[in-house]
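One structure below.
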Amino acid sequence: MGRLVVVSNRVGPLKDTGRAGGLAVALVDALTQTGGIWFGWSGDISEEGTFGQLKTQKTRKIQMIQLDLTQADYDDFYAGYANRTLWPILHYRLDLAVFDRRYEQGYRHVNDRFATRLRPQLKDDDVIWVHDYHFLTFAANLRAMDVNNPIAFFLHIPFPAPEVLAALPNAGSIVRAMLAYDLIGFQTERDADNFRRFVVEELGGNDLGEGRLDVDGRQVVARAYPIGIDAEAFSKFPMAPDARKNISRLERLLGGRQQIIGVDRIDYSKGLPERFRAFERLLEDYPENRGRVALMQVAPPSRAELDAYIDIRRELDELIGHINGRFADLDWTPIRFMTRSFTRRVLAGIYRASRVGLVTPLRDGMNLVAKEYIAAQRAEDPGVLVLSRFAGAAEGMKEAVIVNPHSAEEVAAGLQTAITMPLEERRDRWQIMFDRLCREDAIAWSRSIMEDVAKVRR
Ligand code: GDG
């Protein structure tokens, strides 16, 4: 295999400084195998934007190449089409999607500009791997510049039912552009199936079985490749000195009470208001938990300049104030809400100190927090994962307590099951999930995509 060229909106980090997630670890591993390029947005805005100087940085085997955006690119491509149009639609939130043709034009323009700037860097035997909803049309732009290399794509977020996606203006044209990829990877069988169904029903393609599609003589593979985490490494994090220090701090504070932990970017897809209402329901329906169980929510803000995110932040502040006001006691606060962030090691320690991991998105591509929570547990006395059926992770974690996040009763009952679950059952469920996480880790994930794209050369 030739070099690998990774394209994603944000690039790096190349070294684990405590913040690199499983994705960065898997991509650095894949890039180190063959050497290669990691190409994407610098995170900066400048007047020249994609016409400006490339920002490059090279380690022994990996070259990072980054480009700026102009303010207009940022507004239309990033804040606009990617995050106000595609993100809500792909998460089944038609009610929040904004359709503006300037956004779509900006999106197509930035994809084309990125392809144009990458083109001169490419060698004939490179394999190209493009990530996520920012770059759906990227391969079509490269193909128009006579790039014949194998190109794989991975979508980190859900691909909705065709009935939902069809509401996107020009959905057919966007999905048709995706067919310029050789291999399209999704988080779940459901997502891959939705994509194939769109291609058959809306574009008149043929489903040839085993994920293979034929559209007007062009063949593409669309399959599920559920993303994994660096499970082995993550399971050791709670033993690191800074994690242990924080575990002791937490345990002192809890003084024998049980903790439920939630960790999510503040995003309407994560089901945070529904989660807090379900916790309130737990305290109403199972009053023995008052004073004995607390919910800790780590919630780093994201995309905070978008209206939908300002609204949810306000809703959360009010709701938490209401619940804490209603139930707090002298020595007990029901919900602790933190918008600060932690290193991955400390986060792993917090997971370990928590009896229940609560992951209740309304829709989520995978949800790595569910996997990290399991990886961080102690084999002798593991906690319980309460998991939304609408997280991609639910497809491969059937041993969790699976709940419908829209039902406060069901989540409250799931929490009660988790809090009272006997040790033996906790161990049985945990062991199965942990073994699977180690087998199907981040590195196995990227390798299987790389193997398959090599097979479907044009
Ligand atoms: C997208 C898809 C898909 C959180 N707080 C801190 C922190 N985190 C880390 C978590 C986890 C990551 O952020 C969040 O990953 P998720 O998978 O839960 O969610 P998204 O950010 O929405 O990711 C998702 C994923 O892509 C991968 O394909 O699973 O469905 O939406 O790793 O630990 N990390 C640190 N400090 C924090 O305070 N260091």
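Residues in the structure tokens are named by chain (A, B, ... in the order shown) and by number from 1 within that chain; ligands are numbered from 1 in the order shown.
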Residues within 9 Å of ligand 1 should be enumerated using only C-alpha atoms and all ligand atoms and returned as a VMD selection string. chain A and resid 18 to 23 132 154 to 158 187 226 to 229 263 to 265 267 269 to 270 298 to 300 339 to 348 359 363 to 373 391 to 393
Contacts of A:Leu208 at 10 Å (only C-alpha atoms; same-chain gap of 6+ positions) as a PyMOL selection string: chain A and resi 214+219+221
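Counting only C-alpha atoms, the residue from A:Glu305, A:Glu202, A:Glu424, A:Asp230 that sits nearest to A:Arg84 is A:Glu305.
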Do a neighbour search on A:Ala408 at 8 Å with only C-alpha atoms, toss out local chain neighbours closer than 5 positions, and write the hits as JSON, numbers by chain. {"A": [274, 275, 277, 278, 279, 281]}
Residues just named, written with N, CA and C atoms as a PDB file, in the first residue's frame:
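Generated output (selection04.pdb):
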ATOM      1  N   GLU A 274     -33.867  15.963  28.560  1.00  0.00           N
ATOM      2  CA  GLU A 274     -34.618  14.720  28.811  1.00  0.00           C
ATOM      3  C   GLU A 274     -33.944  13.930  29.932  1.00  0.00           C
ATOM      4  N   ARG A 275     -32.615  13.927  29.938  1.00  0.00           N
ATOM      5  CA  ARG A 275     -31.878  13.182  30.962  1.00  0.00           C
ATOM      6  C   ARG A 275     -32.135  13.758  32.351  1.00  0.00           C
ATOM      7  N   ARG A 277     -34.695  15.523  33.334  1.00  0.00           N
ATOM      8  CA  ARG A 277     -36.080  15.244  33.737  1.00  0.00           C
ATOM      9  C   ARG A 277     -36.223  13.794  34.181  1.00  0.00           C
ATOM     10  N   ALA A 278     -35.492  12.896  33.546  1.00  0.00           N
ATOM     11  CA  ALA A 278     -35.550  11.487  33.952  1.00  0.00           C
ATOM     12  C   ALA A 278     -34.940  11.311  35.344  1.00  0.00           C
ATOM     13  N   PHE A 279     -33.886  12.062  35.626  1.00  0.00           N
ATOM     14  CA  PHE A 279     -33.275  11.972  36.958  1.00  0.00           C
ATOM     15  C   PHE A 279     -34.239  12.519  38.014  1.00  0.00           C
ATOM     16  N   ARG A 281     -37.420  12.350  37.742  1.00  0.00           N
ATOM     17  CA  ARG A 281     -38.412  11.289  37.876  1.00  0.00           C
ATOM     18  C   ARG A 281     -37.910  10.173  38.790  1.00  0.00           C
TER      19      ARG A 281
END
Provide the atom CA of A:Pro88 to atom CA of A:Tyr268 distance in Å, to one decimal place. 8.9 Å
List the spatial neighbours of stretch 52-67 of chain A as a PyMOL selection string - criterion: any atom at most 6 Å away, only C-alpha atoms, same-chain residues fewer than 3 positions off excluded. chain A and resi 35-42+48-49
Okay, now the selection with N, CA and C atoms, as a JSON list (two decimals), in the first residue's frame?
[["chain", "number", "residue", "atom", "x", "y", "z"],
["A", 35, "GLY", "N", 3.15, 6.06, 6.53],
["A", 35, "GLY", "CA", 3.57, 7.44, 6.31],
["A", 35, "GLY", "C", 2.45, 8.13, 5.56],
["A", 36, "GLY", "N", 2.38, 9.44, 5.67],
["A", 36, "GLY", "CA", 1.32, 10.10, 4.91],
["A", 36, "GLY", "C", 1.04, 11.52, 5.34],
["A", 37, "ILE", "N", -0.11, 11.97, 4.90],
["A", 37, "ILE", "CA", -0.51, 13.37, 5.08],
["A", 37, "ILE", "C", -1.81, 13.41, 5.87],
["A", 38, "TRP", "N", -1.92, 14.39, 6.76],
["A", 38, "TRP", "CA", -3.22, 14.66, 7.42],
["A", 38, "TRP", "C", -3.58, 16.09, 7.06],
["A", 39, "PHE", "N", -4.70, 16.23, 6.37],
["A", 39, "PHE", "CA", -5.05, 17.49, 5.71],
["A", 39, "PHE", "C", -6.39, 18.01, 6.23],
["A", 40, "GLY", "N", -6.47, 19.30, 6.54],
["A", 40, "GLY", "CA", -7.75, 19.84, 6.99],
["A", 40, "GLY", "C", -7.67, 21.33, 7.30],
["A", 41, "TRP", "N", -8.68, 21.82, 8.00],
["A", 41, "TRP", "CA", -8.77, 23.23, 8.37],
["A", 41, "TRP", "C", -7.84, 23.53, 9.54],
["A", 42, "SER", "N", -7.21, 24.70, 9.50],
["A", 42, "SER", "CA", -6.28, 25.08, 10.57],
["A", 42, "SER", "C", -7.02, 25.51, 11.83],
["A", 48, "GLU", "N", -7.20, 35.55, 3.20],
["A", 48, "GLU", "CA", -6.91, 34.72, 2.01],
["A", 48, "GLU", "C", -7.67, 33.40, 2.08],
["A", 49, "GLY", "N", -7.96, 32.92, 3.28],
["A", 49, "GLY", "CA", -8.68, 31.66, 3.44],
["A", 49, "GLY", "C", -7.99, 30.52, 2.70]]
Pick from A:Ala97, A:Val356, A:Leu69, A:Val215, whichever lies nearest to A:Ile374 using only C-alpha atoms: A:Val356
Long-range neighbours of A:Arg3 as a ChimeraX atom specification, 8 Å cut-off, only C-alpha atoms, 2 positions minimum in chain: /A:1,5,31,34-37,125-127
Using only C-alpha atoms, find each residue of stretch 144-190 of chain A with at least one atom at most 12 Å away from an atom of stretch 116-119 of chain A; report its shortest atom-to-atom pair and that distance in Å (one decimal), sort the rows by chain and rising residue number, and return the result as CSV.
residue,atom,partner,partner_atom,distance
A:Ala144,CA,A:Thr116,CA,10.0
A:Met145,CA,A:Arg119,CA,7.6
A:Asp146,CA,A:Arg119,CA,9.3
A:Val147,CA,A:Arg119,CA,7.8
A:Asn148,CA,A:Arg119,CA,11.3
A:Asn149,CA,A:Arg119,CA,11.2
Save the residues we just selected, N, CA and C atoms, as a JSON list (two decimals), in the first residue's frame?
[["chain", "number", "residue", "atom", "x", "y", "z"],
["A", 144, "ALA", "N", -13.06, 15.07, -10.46],
["A", 144, "ALA", "CA", -13.11, 16.03, -11.57],
["A", 144, "ALA", "C", -11.72, 16.55, -11.90],
["A", 145, "MET", "N", -10.75, 16.32, -10.99],
["A", 145, "MET", "CA", -9.37, 16.74, -11.25],
["A", 145, "MET", "C", -8.51, 15.53, -11.61],
["A", 146, "ASP", "N", -9.18, 14.48, -12.14],
["A", 146, "ASP", "CA", -8.49, 13.28, -12.60],
["A", 146, "ASP", "C", -7.74, 12.53, -11.51],
["A", 147, "VAL", "N", -8.26, 12.52, -10.32],
["A", 147, "VAL", "CA", -7.66, 11.69, -9.27],
["A", 147, "VAL", "C", -8.30, 10.30, -9.34],
["A", 148, "ASN", "N", -7.49, 9.28, -9.58],
["A", 148, "ASN", "CA", -8.03, 7.93, -9.71],
["A", 148, "ASN", "C", -7.66, 7.02, -8.54],
["A", 149, "ASN", "N", -7.13, 7.61, -7.49],
["A", 149, "ASN", "CA", -6.74, 6.82, -6.32],
["A", 149, "ASN", "C", -7.96, 6.25, -5.62]]
Strand (DSSP E) per DSSP on the backbone: members of stretch 32-120 of chain A, as a list in words: Gly36, Ile37, Trp38, Phe39, Gly40, Trp41, Ser42, Gly43, Asp44, Ile45, Lys55, Thr56, Gln57, Lys58, Ile62, Gln63, Met64, Ile65, Gln66, Leu67, Asp68 and Leu69 of chain A
